[in-house]
>>> print(open('entry36.txt').read())   # compact mmCIF, N, CA and C atoms
# COMPACT_ATOMS: atom_id res chain seq x y z
N MET A 1 12.07 95.73 72.70
CA MET A 1 11.37 96.98 72.55
C MET A 1 10.61 97.00 71.22
N THR A 2 9.48 97.61 71.23
CA THR A 2 8.74 97.78 70.00
C THR A 2 9.31 98.98 69.25
N THR A 3 8.91 99.13 68.00
CA THR A 3 9.45 100.24 67.21
C THR A 3 8.99 101.59 67.73
N THR A 4 7.87 101.65 68.44
CA THR A 4 7.39 102.92 68.99
C THR A 4 7.75 103.10 70.46
N ASP A 5 8.41 102.13 71.03
CA ASP A 5 8.76 102.16 72.45
C ASP A 5 10.12 102.82 72.62
N HIS A 6 10.13 104.01 73.20
CA HIS A 6 11.37 104.74 73.39
C HIS A 6 11.97 104.37 74.74
N PRO A 7 13.27 104.13 74.77
CA PRO A 7 13.90 103.79 76.05
C PRO A 7 14.04 105.02 76.95
N ILE A 8 13.97 104.77 78.24
CA ILE A 8 14.22 105.82 79.24
C ILE A 8 15.31 105.30 80.18
N THR A 9 16.04 106.21 80.76
CA THR A 9 17.08 105.83 81.72
C THR A 9 16.62 106.25 83.11
N VAL A 10 16.65 105.29 84.01
CA VAL A 10 16.22 105.51 85.39
C VAL A 10 17.23 104.85 86.33
N PRO A 11 17.24 105.25 87.60
CA PRO A 11 18.10 104.55 88.55
C PRO A 11 17.57 103.14 88.80
N LEU A 12 18.47 102.24 89.10
CA LEU A 12 18.13 100.84 89.35
C LEU A 12 17.04 100.69 90.41
N TYR A 13 16.97 101.59 91.38
CA TYR A 13 15.97 101.44 92.45
C TYR A 13 14.54 101.51 91.93
N ARG A 14 14.32 102.00 90.72
CA ARG A 14 12.97 101.99 90.14
C ARG A 14 12.59 100.58 89.68
N LEU A 15 13.59 99.72 89.44
CA LEU A 15 13.35 98.35 88.97
C LEU A 15 13.48 97.31 90.07
N ALA A 16 14.22 97.65 91.14
CA ALA A 16 14.54 96.63 92.14
C ALA A 16 14.81 97.26 93.51
N HIS A 17 14.72 96.43 94.52
CA HIS A 17 15.15 96.80 95.86
C HIS A 17 16.27 95.85 96.26
N SER A 18 16.87 96.06 97.42
CA SER A 18 18.01 95.21 97.77
C SER A 18 18.07 94.90 99.25
N ARG A 19 18.87 93.91 99.55
CA ARG A 19 19.23 93.53 100.91
C ARG A 19 20.75 93.40 100.90
N THR A 20 21.38 93.61 102.04
CA THR A 20 22.84 93.55 102.07
C THR A 20 23.33 92.75 103.26
N GLY A 21 24.57 92.38 103.14
CA GLY A 21 25.28 91.73 104.23
C GLY A 21 26.76 91.85 103.97
N ASP A 22 27.55 91.57 104.99
CA ASP A 22 28.99 91.56 104.78
C ASP A 22 29.63 90.57 105.72
N LYS A 23 30.78 90.09 105.31
CA LYS A 23 31.56 89.16 106.12
C LYS A 23 33.01 89.44 105.79
N GLY A 24 33.75 89.83 106.77
CA GLY A 24 35.15 90.17 106.52
C GLY A 24 35.24 91.34 105.57
N ASN A 25 35.96 91.15 104.47
CA ASN A 25 36.17 92.21 103.48
C ASN A 25 35.30 91.99 102.24
N ARG A 26 34.22 91.25 102.40
CA ARG A 26 33.33 90.91 101.29
C ARG A 26 31.94 91.47 101.55
N SER A 27 31.39 92.15 100.54
CA SER A 27 30.03 92.67 100.63
C SER A 27 29.13 91.83 99.74
N ASN A 28 27.93 91.62 100.20
CA ASN A 28 26.95 90.79 99.54
C ASN A 28 25.70 91.64 99.34
N ILE A 29 25.32 91.90 98.09
CA ILE A 29 24.15 92.75 97.82
C ILE A 29 23.17 91.95 96.96
N SER A 30 21.98 91.74 97.49
CA SER A 30 20.93 91.09 96.72
C SER A 30 20.10 92.16 96.02
N VAL A 31 19.76 91.90 94.77
CA VAL A 31 18.94 92.81 93.97
C VAL A 31 17.68 92.03 93.61
N ILE A 32 16.51 92.55 94.00
CA ILE A 32 15.25 91.84 93.82
C ILE A 32 14.31 92.71 92.99
N ALA A 33 13.84 92.18 91.87
CA ALA A 33 12.96 92.93 90.96
C ALA A 33 11.66 93.29 91.66
N TRP A 34 11.18 94.51 91.40
CA TRP A 34 9.87 94.91 91.92
C TRP A 34 8.76 94.10 91.25
N HIS A 35 9.00 93.67 90.00
CA HIS A 35 7.99 92.92 89.25
C HIS A 35 8.71 91.96 88.30
N PRO A 36 8.16 90.76 88.08
CA PRO A 36 8.80 89.81 87.17
C PRO A 36 9.04 90.36 85.76
N ALA A 37 8.23 91.30 85.30
CA ALA A 37 8.40 91.86 83.96
C ALA A 37 9.72 92.62 83.82
N LEU A 38 10.33 93.00 84.93
CA LEU A 38 11.58 93.77 84.91
C LEU A 38 12.82 92.88 84.95
N TRP A 39 12.64 91.60 85.15
CA TRP A 39 13.76 90.67 85.35
C TRP A 39 14.74 90.66 84.18
N ASP A 40 14.27 90.58 82.96
CA ASP A 40 15.19 90.51 81.81
C ASP A 40 16.07 91.75 81.71
N VAL A 41 15.53 92.91 82.03
CA VAL A 41 16.33 94.13 82.00
C VAL A 41 17.42 94.05 83.06
N LEU A 42 17.08 93.55 84.24
CA LEU A 42 18.08 93.40 85.29
C LEU A 42 19.20 92.46 84.86
N VAL A 43 18.84 91.33 84.30
CA VAL A 43 19.85 90.35 83.87
C VAL A 43 20.75 90.96 82.79
N ASP A 44 20.16 91.69 81.86
CA ASP A 44 20.93 92.28 80.76
C ASP A 44 21.85 93.40 81.22
N GLN A 45 21.45 94.17 82.22
CA GLN A 45 22.21 95.39 82.53
C GLN A 45 22.93 95.38 83.88
N VAL A 46 22.49 94.61 84.83
CA VAL A 46 23.18 94.54 86.12
C VAL A 46 24.16 93.36 86.04
N THR A 47 25.16 93.55 85.21
CA THR A 47 26.18 92.52 84.97
C THR A 47 27.36 92.72 85.92
N GLU A 48 28.23 91.74 85.96
CA GLU A 48 29.44 91.88 86.78
C GLU A 48 30.25 93.09 86.34
N ALA A 49 30.39 93.29 85.03
CA ALA A 49 31.17 94.42 84.52
C ALA A 49 30.51 95.75 84.88
N ALA A 50 29.18 95.84 84.75
CA ALA A 50 28.48 97.09 85.08
C ALA A 50 28.60 97.40 86.57
N VAL A 51 28.49 96.39 87.41
CA VAL A 51 28.62 96.59 88.85
C VAL A 51 30.05 97.01 89.19
N ALA A 52 31.03 96.39 88.57
CA ALA A 52 32.42 96.78 88.80
C ALA A 52 32.65 98.24 88.43
N ARG A 53 32.05 98.70 87.33
CA ARG A 53 32.16 100.12 86.96
C ARG A 53 31.50 101.02 88.00
N GLN A 54 30.33 100.60 88.49
CA GLN A 54 29.61 101.40 89.48
C GLN A 54 30.42 101.52 90.77
N PHE A 55 31.20 100.49 91.09
CA PHE A 55 31.98 100.47 92.32
C PHE A 55 33.46 100.76 92.07
N ALA A 56 33.80 101.34 90.95
CA ALA A 56 35.20 101.56 90.58
C ALA A 56 35.97 102.31 91.67
N GLN A 57 35.35 103.28 92.30
CA GLN A 57 36.04 104.05 93.35
C GLN A 57 36.37 103.17 94.56
N ARG A 58 35.59 102.13 94.80
CA ARG A 58 35.82 101.21 95.93
C ARG A 58 36.84 100.14 95.56
N ARG A 59 37.15 99.99 94.27
CA ARG A 59 38.16 99.05 93.76
C ARG A 59 37.94 97.59 94.20
N PRO A 60 36.80 97.01 93.88
CA PRO A 60 36.62 95.59 94.25
C PRO A 60 37.61 94.72 93.48
N ARG A 61 38.18 93.74 94.16
CA ARG A 61 39.10 92.81 93.51
C ARG A 61 38.34 91.93 92.52
N GLN A 62 37.12 91.55 92.88
CA GLN A 62 36.31 90.69 92.03
C GLN A 62 34.84 90.97 92.30
N VAL A 63 34.03 90.89 91.24
CA VAL A 63 32.58 90.99 91.35
C VAL A 63 32.00 89.70 90.77
N THR A 64 31.17 89.03 91.54
CA THR A 64 30.54 87.79 91.09
C THR A 64 29.03 87.95 91.22
N ARG A 65 28.31 87.54 90.17
CA ARG A 65 26.85 87.64 90.17
C ARG A 65 26.26 86.24 90.15
N TYR A 66 25.30 86.01 91.02
CA TYR A 66 24.57 84.74 91.07
C TYR A 66 23.10 85.05 90.76
N LEU A 67 22.57 84.41 89.73
CA LEU A 67 21.18 84.65 89.33
C LEU A 67 20.24 83.68 90.03
N LEU A 68 19.10 84.20 90.46
CA LEU A 68 18.04 83.41 91.09
C LEU A 68 16.75 83.69 90.33
N PRO A 69 16.62 83.16 89.10
CA PRO A 69 15.51 83.54 88.23
C PRO A 69 14.12 83.22 88.79
N GLN A 70 14.00 82.16 89.57
CA GLN A 70 12.67 81.84 90.10
C GLN A 70 12.19 82.89 91.11
N LEU A 71 13.13 83.65 91.66
CA LEU A 71 12.80 84.73 92.60
C LEU A 71 12.89 86.11 91.94
N GLN A 72 13.29 86.14 90.67
CA GLN A 72 13.58 87.39 89.96
C GLN A 72 14.54 88.22 90.82
N ALA A 73 15.62 87.56 91.24
CA ALA A 73 16.61 88.19 92.11
C ALA A 73 18.01 87.75 91.69
N MET A 74 18.97 88.52 92.14
CA MET A 74 20.36 88.15 91.94
C MET A 74 21.14 88.53 93.18
N ASN A 75 22.24 87.84 93.39
CA ASN A 75 23.13 88.14 94.50
C ASN A 75 24.46 88.59 93.91
N ILE A 76 24.91 89.77 94.31
CA ILE A 76 26.17 90.33 93.84
C ILE A 76 27.15 90.25 95.00
N VAL A 77 28.30 89.62 94.76
CA VAL A 77 29.34 89.52 95.78
C VAL A 77 30.53 90.35 95.33
N LEU A 78 30.94 91.29 96.18
CA LEU A 78 32.07 92.17 95.90
C LEU A 78 33.19 91.84 96.88
N ASP A 79 34.32 91.37 96.36
CA ASP A 79 35.46 91.01 97.20
C ASP A 79 36.40 92.19 97.40
N ASP A 80 36.93 92.29 98.60
CA ASP A 80 37.91 93.32 98.99
C ASP A 80 37.38 94.73 98.74
N VAL A 81 36.16 94.98 99.18
CA VAL A 81 35.53 96.27 98.94
C VAL A 81 35.20 97.01 100.24
N LEU A 82 35.54 96.42 101.39
CA LEU A 82 35.13 97.00 102.67
C LEU A 82 36.29 97.58 103.48
N ASP A 83 37.31 98.06 102.83
CA ASP A 83 38.44 98.69 103.53
C ASP A 83 39.01 97.79 104.62
N GLY A 84 39.09 96.49 104.33
CA GLY A 84 39.64 95.55 105.29
C GLY A 84 38.59 94.82 106.12
N GLY A 85 37.36 95.27 106.07
CA GLY A 85 36.29 94.64 106.83
C GLY A 85 35.71 95.58 107.85
N VAL A 86 34.52 95.27 108.32
CA VAL A 86 33.80 96.14 109.25
C VAL A 86 34.63 96.38 110.52
N ASN A 87 35.26 95.35 111.05
CA ASN A 87 36.00 95.51 112.30
C ASN A 87 37.35 96.22 112.11
N ASP A 88 37.89 96.22 110.90
CA ASP A 88 39.18 96.83 110.65
C ASP A 88 39.09 98.23 110.09
N SER A 89 37.93 98.64 109.64
CA SER A 89 37.79 99.92 108.95
C SER A 89 37.23 101.00 109.86
N LEU A 90 37.74 102.20 109.71
CA LEU A 90 37.17 103.35 110.40
C LEU A 90 36.08 104.00 109.56
N ASN A 91 35.89 103.52 108.35
CA ASN A 91 34.95 104.09 107.39
C ASN A 91 33.62 103.35 107.49
N LEU A 92 32.80 103.69 108.46
CA LEU A 92 31.54 102.98 108.66
C LEU A 92 30.57 103.15 107.50
N ASP A 93 30.67 104.24 106.75
CA ASP A 93 29.76 104.47 105.64
C ASP A 93 29.99 103.52 104.47
N SER A 94 31.05 102.75 104.47
CA SER A 94 31.33 101.89 103.33
C SER A 94 30.67 100.52 103.46
N HIS A 95 29.86 100.31 104.46
CA HIS A 95 29.31 98.98 104.70
C HIS A 95 27.80 98.94 104.54
N GLY A 96 27.31 97.74 104.36
CA GLY A 96 25.88 97.47 104.38
C GLY A 96 25.05 98.32 103.44
N LYS A 97 24.08 99.00 104.01
CA LYS A 97 23.12 99.74 103.21
C LYS A 97 23.76 100.80 102.34
N ALA A 98 24.83 101.42 102.80
CA ALA A 98 25.47 102.46 101.99
C ALA A 98 25.91 101.90 100.65
N LEU A 99 26.44 100.68 100.63
CA LEU A 99 26.86 100.09 99.36
C LEU A 99 25.66 99.68 98.51
N SER A 100 24.58 99.25 99.14
CA SER A 100 23.40 98.91 98.34
C SER A 100 22.83 100.15 97.68
N TYR A 101 22.89 101.30 98.38
CA TYR A 101 22.40 102.54 97.78
C TYR A 101 23.27 102.94 96.59
N LEU A 102 24.57 102.70 96.68
CA LEU A 102 25.45 103.00 95.55
C LEU A 102 25.05 102.14 94.34
N LEU A 103 24.76 100.86 94.56
CA LEU A 103 24.33 100.00 93.46
C LEU A 103 22.97 100.42 92.94
N LEU A 104 22.03 100.71 93.82
CA LEU A 104 20.67 101.07 93.39
C LEU A 104 20.60 102.40 92.66
N ASP A 105 21.66 103.18 92.74
CA ASP A 105 21.72 104.45 92.01
C ASP A 105 22.25 104.27 90.58
N MET A 106 22.66 103.05 90.23
CA MET A 106 23.20 102.76 88.89
C MET A 106 22.14 103.01 87.82
N PRO A 107 22.47 103.74 86.76
CA PRO A 107 21.48 103.98 85.70
C PRO A 107 21.24 102.73 84.85
N VAL A 108 19.99 102.50 84.52
CA VAL A 108 19.60 101.41 83.61
C VAL A 108 18.65 101.98 82.56
N THR A 109 18.70 101.41 81.38
CA THR A 109 17.86 101.85 80.28
C THR A 109 16.73 100.85 80.11
N VAL A 110 15.51 101.37 80.09
CA VAL A 110 14.31 100.52 80.13
C VAL A 110 13.33 100.95 79.05
N PRO A 111 12.69 100.01 78.36
CA PRO A 111 11.62 100.39 77.44
C PRO A 111 10.47 101.04 78.22
N THR A 112 9.88 102.06 77.65
CA THR A 112 8.82 102.80 78.37
C THR A 112 7.61 101.92 78.71
N HIS A 113 7.37 100.88 77.91
CA HIS A 113 6.20 100.04 78.22
C HIS A 113 6.35 99.30 79.55
N LEU A 114 7.55 99.26 80.13
CA LEU A 114 7.75 98.61 81.42
C LEU A 114 7.56 99.57 82.60
N ALA A 115 7.40 100.85 82.34
CA ALA A 115 7.26 101.85 83.41
C ALA A 115 6.13 101.54 84.40
N PRO A 116 4.99 100.97 83.97
CA PRO A 116 3.94 100.66 84.95
C PRO A 116 4.38 99.66 86.03
N TYR A 117 5.47 98.94 85.78
CA TYR A 117 5.94 97.93 86.74
C TYR A 117 6.99 98.48 87.71
N PHE A 118 7.37 99.75 87.53
CA PHE A 118 8.38 100.34 88.40
C PHE A 118 7.86 100.36 89.83
N GLY A 119 8.81 100.26 90.76
CA GLY A 119 8.51 100.41 92.17
C GLY A 119 9.44 101.47 92.74
N GLY A 120 9.47 101.57 94.03
CA GLY A 120 10.36 102.53 94.66
C GLY A 120 9.86 103.95 94.49
N PRO A 121 10.59 104.90 95.06
CA PRO A 121 10.15 106.30 95.00
C PRO A 121 10.32 106.89 93.60
N ALA A 122 9.32 107.61 93.14
CA ALA A 122 9.43 108.32 91.87
C ALA A 122 10.15 109.63 92.12
N VAL A 123 10.91 110.04 91.15
CA VAL A 123 11.67 111.29 91.31
C VAL A 123 11.02 112.38 90.49
>>> encode(input="entry36.txt", output="C-alpha cells")
Amino acid sequence: MTTTDHPITVPLYRLAHSRTGDKGNRSNISVIAWHPALWDVLVDQVTEAAVARQFAQRRPRQVTRYLLPQLQAMNIVLDDVLDGGVNDSLNLDSHGKALSYLLLDMPVTVPTHLAPYFGGPAV
C-alpha cells in the first residue's frame, strides 16, 4: 500500500469467484481471482487459518490450501465438513454452492488502488 492508499474491507466475492465440489465428507472450494492484480491479497488473506475461522461453525477437521499461481487461483479442501457426506446428511444446504457462498462472504482488507479490479456484484 502507498502512504495515501487507505485500506477498505470488502467481501471476498469482490476479489474472486469460486467453483465447488464434494466427495464423501470433504468439500473442495476453488477461489479464482477476478484479476491478476488481486492475487497477492488472496494469498495473504485467504489462508488455511482464515478459512478455518470462517467455517468454525461447520467444525472442519482440517483445512488445506493449494495455490495455483499461474491461474491466480487456489483450491481449499475442508475435511469432515459435510455432516457425514451428501448421501448421509439430511442437511442439503451444507453442500456445494452454499459452502462457497460462506467462503466468498469472508471479509478481506484491500488497498483502495485495487478497487478498479474488483468483480462480482457491487453492494
>>> closest_residue(input="entry36.txt", among="A:Leu102, A:Ile32, A:Asp40, A:Val108", to="Leu71 of chain A", atoms="only N, CA and C atoms")
A:Ile32
>>> residues_around(input="entry36.txt", residues="segment 109-114 of chain A", least_positions_apart="3", cutoff="6.5 Å", atoms="all atoms listed in the file", output="PDB file with N, CA and C atoms, in the frame of the given file")
ATOM      1  N   MET A   1      12.070  95.730  72.700  1.00  0.00           N
ATOM      2  CA  MET A   1      11.370  96.980  72.550  1.00  0.00           C
ATOM      3  C   MET A   1      10.610  97.000  71.220  1.00  0.00           C
ATOM      4  N   ASP A   5       8.410 102.130  71.030  1.00  0.00           N
ATOM      5  CA  ASP A   5       8.760 102.160  72.450  1.00  0.00           C
ATOM      6  C   ASP A   5      10.120 102.820  72.620  1.00  0.00           C
ATOM      7  N   HIS A   6      10.130 104.010  73.200  1.00  0.00           N
ATOM      8  CA  HIS A   6      11.370 104.740  73.390  1.00  0.00           C
ATOM      9  C   HIS A   6      11.970 104.370  74.740  1.00  0.00           C
ATOM     10  N   PRO A   7      13.270 104.130  74.770  1.00  0.00           N
ATOM     11  CA  PRO A   7      13.900 103.790  76.050  1.00  0.00           C
ATOM     12  C   PRO A   7      14.040 105.020  76.950  1.00  0.00           C
ATOM     13  N   ILE A   8      13.970 104.770  78.240  1.00  0.00           N
ATOM     14  CA  ILE A   8      14.220 105.820  79.240  1.00  0.00           C
ATOM     15  C   ILE A   8      15.310 105.300  80.180  1.00  0.00           C
ATOM     16  N   THR A   9      16.040 106.210  80.760  1.00  0.00           N
ATOM     17  CA  THR A   9      17.080 105.830  81.720  1.00  0.00           C
ATOM     18  C   THR A   9      16.620 106.250  83.110  1.00  0.00           C
ATOM     19  N   VAL A  10      16.650 105.290  84.010  1.00  0.00           N
ATOM     20  CA  VAL A  10      16.220 105.510  85.390  1.00  0.00           C
ATOM     21  C   VAL A  10      17.230 104.850  86.330  1.00  0.00           C
ATOM     22  N   TYR A 117       5.470  98.940  85.780  1.00  0.00           N
ATOM     23  CA  TYR A 117       5.940  97.930  86.740  1.00  0.00           C
ATOM     24  C   TYR A 117       6.990  98.480  87.710  1.00  0.00           C
ATOM     25  N   PHE A 118       7.370  99.750  87.530  1.00  0.00           N
ATOM     26  CA  PHE A 118       8.380 100.340  88.400  1.00  0.00           C
ATOM     27  C   PHE A 118       7.860 100.360  89.830  1.00  0.00           C
TER      28      PHE A 118
END
>>> atom_distance(input="entry36.txt", atom1="atom N of Ala73 of chain A", atom2="atom N of Ala33 of chain A")
5.0 Å
>>> residues_near_point(input="entry36.txt", point="(38.0, 95.0, 98.4)", cutoff="7 Å", atoms="only C-alpha atoms", output="number ranges by chain")
A: 25-26, 59-61, 79-83
>>> atom_distance(input="entry36.txt", atom1="atom C of Gln70 of chain A", atom2="atom C of Asp44 of chain A")
17.4 Å
>>> closest_residue(input="entry36.txt", among="A:Tyr13, A:Pro69, A:Arg19, A:Pro107", to="Gln45 of chain A", atoms="all atoms listed in the file")
A:Pro107
>>> select_by_dssp(input="entry36.txt", residues="segment 2-69 of chain A", states="strand (DSSP E)", output="mmCIF file with N, CA and C atoms, in the coordinates of the input")
data_model
loop_
_atom_site.group_PDB
_atom_site.id
_atom_site.type_symbol
_atom_site.label_atom_id
_atom_site.label_comp_id
_atom_site.auth_asym_id
_atom_site.auth_seq_id
_atom_site.Cartn_x
_atom_site.Cartn_y
_atom_site.Cartn_z
ATOM 1 N N PRO A 7 13.270 104.130 74.770
ATOM 2 C CA PRO A 7 13.900 103.790 76.050
ATOM 3 C C PRO A 7 14.040 105.020 76.950
ATOM 4 N N ILE A 8 13.970 104.770 78.240
ATOM 5 C CA ILE A 8 14.220 105.820 79.240
ATOM 6 C C ILE A 8 15.310 105.300 80.180
ATOM 7 N N THR A 9 16.040 106.210 80.760
ATOM 8 C CA THR A 9 17.080 105.830 81.720
ATOM 9 C C THR A 9 16.620 106.250 83.110
ATOM 10 N N VAL A 10 16.650 105.290 84.010
ATOM 11 C CA VAL A 10 16.220 105.510 85.390
ATOM 12 C C VAL A 10 17.230 104.850 86.330
ATOM 13 N N PRO A 11 17.240 105.250 87.600
ATOM 14 C CA PRO A 11 18.100 104.550 88.550
ATOM 15 C C PRO A 11 17.570 103.140 88.800
ATOM 16 N N ALA A 16 14.220 97.650 91.140
ATOM 17 C CA ALA A 16 14.540 96.630 92.140
ATOM 18 C C ALA A 16 14.810 97.260 93.510
ATOM 19 N N HIS A 17 14.720 96.430 94.520
ATOM 20 C CA HIS A 17 15.150 96.800 95.860
ATOM 21 C C HIS A 17 16.270 95.850 96.260
ATOM 22 N N SER A 18 16.870 96.060 97.420
ATOM 23 C CA SER A 18 18.010 95.210 97.770
ATOM 24 C C SER A 18 18.070 94.900 99.250
ATOM 25 N N ARG A 19 18.870 93.910 99.550
ATOM 26 C CA ARG A 19 19.230 93.530 100.910
ATOM 27 C C ARG A 19 20.750 93.400 100.900
ATOM 28 N N THR A 20 21.380 93.610 102.040
ATOM 29 C CA THR A 20 22.840 93.550 102.070
ATOM 30 C C THR A 20 23.330 92.750 103.260
ATOM 31 N N GLY A 21 24.570 92.380 103.140
ATOM 32 C CA GLY A 21 25.280 91.730 104.230
ATOM 33 C C GLY A 21 26.760 91.850 103.970
ATOM 34 N N ASP A 22 27.550 91.570 104.990
ATOM 35 C CA ASP A 22 28.990 91.560 104.780
ATOM 36 C C ASP A 22 29.630 90.570 105.720
ATOM 37 N N LYS A 23 30.780 90.090 105.310
ATOM 38 C CA LYS A 23 31.560 89.160 106.120
ATOM 39 C C LYS A 23 33.010 89.440 105.790
ATOM 40 N N ARG A 26 34.220 91.250 102.400
ATOM 41 C CA ARG A 26 33.330 90.910 101.290
ATOM 42 C C ARG A 26 31.940 91.470 101.550
ATOM 43 N N SER A 27 31.390 92.150 100.540
ATOM 44 C CA SER A 27 30.030 92.670 100.630
ATOM 45 C C SER A 27 29.130 91.830 99.740
ATOM 46 N N ASN A 28 27.930 91.620 100.200
ATOM 47 C CA ASN A 28 26.950 90.790 99.540
ATOM 48 C C ASN A 28 25.700 91.640 99.340
ATOM 49 N N ILE A 29 25.320 91.900 98.090
ATOM 50 C CA ILE A 29 24.150 92.750 97.820
ATOM 51 C C ILE A 29 23.170 91.950 96.960
ATOM 52 N N SER A 30 21.980 91.740 97.490
ATOM 53 C CA SER A 30 20.930 91.090 96.720
ATOM 54 C C SER A 30 20.100 92.160 96.020
ATOM 55 N N VAL A 31 19.760 91.900 94.770
ATOM 56 C CA VAL A 31 18.940 92.810 93.970
ATOM 57 C C VAL A 31 17.680 92.030 93.610
ATOM 58 N N ILE A 32 16.510 92.550 94.000
ATOM 59 C CA ILE A 32 15.250 91.840 93.820
ATOM 60 C C ILE A 32 14.310 92.710 92.990
ATOM 61 N N ALA A 33 13.840 92.180 91.870
ATOM 62 C CA ALA A 33 12.960 92.930 90.960
ATOM 63 C C ALA A 33 11.660 93.290 91.660
ATOM 64 N N GLN A 62 37.120 91.550 92.880
ATOM 65 C CA GLN A 62 36.310 90.690 92.030
ATOM 66 C C GLN A 62 34.840 90.970 92.300
ATOM 67 N N VAL A 63 34.030 90.890 91.240
ATOM 68 C CA VAL A 63 32.580 90.990 91.350
ATOM 69 C C VAL A 63 32.000 89.700 90.770
ATOM 70 N N THR A 64 31.170 89.030 91.540
ATOM 71 C CA THR A 64 30.540 87.790 91.090
ATOM 72 C C THR A 64 29.030 87.950 91.220
ATOM 73 N N ARG A 65 28.310 87.540 90.170
ATOM 74 C CA ARG A 65 26.850 87.640 90.170
ATOM 75 C C ARG A 65 26.260 86.240 90.150
ATOM 76 N N TYR A 66 25.300 86.010 91.020
ATOM 77 C CA TYR A 66 24.570 84.740 91.070
ATOM 78 C C TYR A 66 23.100 85.050 90.760
ATOM 79 N N LEU A 67 22.570 84.410 89.730
ATOM 80 C CA LEU A 67 21.180 84.650 89.330
ATOM 81 C C LEU A 67 20.240 83.680 90.030
ATOM 82 N N LEU A 68 19.100 84.200 90.460
ATOM 83 C CA LEU A 68 18.040 83.410 91.090
ATOM 84 C C LEU A 68 16.750 83.690 90.330
#
>>> select_by_dssp(input="entry36.txt", residues="segment 5-81 of chain A", states="alpha helix (DSSP H)", output="ChimeraX atom specification")
/A:39-45,48-54
>>> write_last_selection(input="entry36.txt", atoms="N, CA and C atoms", output="mmCIF file, in the coordinates of the input")
data_model
loop_
_atom_site.group_PDB
_atom_site.id
_atom_site.type_symbol
_atom_site.label_atom_id
_atom_site.label_comp_id
_atom_site.auth_asym_id
_atom_site.auth_seq_id
_atom_site.Cartn_x
_atom_site.Cartn_y
_atom_site.Cartn_z
ATOM 1 N N TRP A 39 12.640 91.600 85.150
ATOM 2 C CA TRP A 39 13.760 90.670 85.350
ATOM 3 C C TRP A 39 14.740 90.660 84.180
ATOM 4 N N ASP A 40 14.270 90.580 82.960
ATOM 5 C CA ASP A 40 15.190 90.510 81.810
ATOM 6 C C ASP A 40 16.070 91.750 81.710
ATOM 7 N N VAL A 41 15.530 92.910 82.030
ATOM 8 C CA VAL A 41 16.330 94.130 82.000
ATOM 9 C C VAL A 41 17.420 94.050 83.060
ATOM 10 N N LEU A 42 17.080 93.550 84.240
ATOM 11 C CA LEU A 42 18.080 93.400 85.290
ATOM 12 C C LEU A 42 19.200 92.460 84.860
ATOM 13 N N VAL A 43 18.840 91.330 84.300
ATOM 14 C CA VAL A 43 19.850 90.350 83.870
ATOM 15 C C VAL A 43 20.750 90.960 82.790
ATOM 16 N N ASP A 44 20.160 91.690 81.860
ATOM 17 C CA ASP A 44 20.930 92.280 80.760
ATOM 18 C C ASP A 44 21.850 93.400 81.220
ATOM 19 N N GLN A 45 21.450 94.170 82.220
ATOM 20 C CA GLN A 45 22.210 95.390 82.530
ATOM 21 C C GLN A 45 22.930 95.380 83.880
ATOM 22 N N GLU A 48 28.230 91.740 85.960
ATOM 23 C CA GLU A 48 29.440 91.880 86.780
ATOM 24 C C GLU A 48 30.250 93.090 86.340
ATOM 25 N N ALA A 49 30.390 93.290 85.030
ATOM 26 C CA ALA A 49 31.170 94.420 84.520
ATOM 27 C C ALA A 49 30.510 95.750 84.880
ATOM 28 N N ALA A 50 29.180 95.840 84.750
ATOM 29 C CA ALA A 50 28.480 97.090 85.080
ATOM 30 C C ALA A 50 28.600 97.400 86.570
ATOM 31 N N VAL A 51 28.490 96.390 87.410
ATOM 32 C CA VAL A 51 28.620 96.590 88.850
ATOM 33 C C VAL A 51 30.050 97.010 89.190
ATOM 34 N N ALA A 52 31.030 96.390 88.570
ATOM 35 C CA ALA A 52 32.420 96.780 88.800
ATOM 36 C C ALA A 52 32.650 98.240 88.430
ATOM 37 N N ARG A 53 32.050 98.700 87.330
ATOM 38 C CA ARG A 53 32.160 100.120 86.960
ATOM 39 C C ARG A 53 31.500 101.020 88.000
ATOM 40 N N GLN A 54 30.330 100.600 88.490
ATOM 41 C CA GLN A 54 29.610 101.400 89.480
ATOM 42 C C GLN A 54 30.420 101.520 90.770
#
>>> atom_distance(input="entry36.txt", atom1="atom C of Leu78 of chain A", atom2="atom N of Leu38 of chain A")
25.8 Å
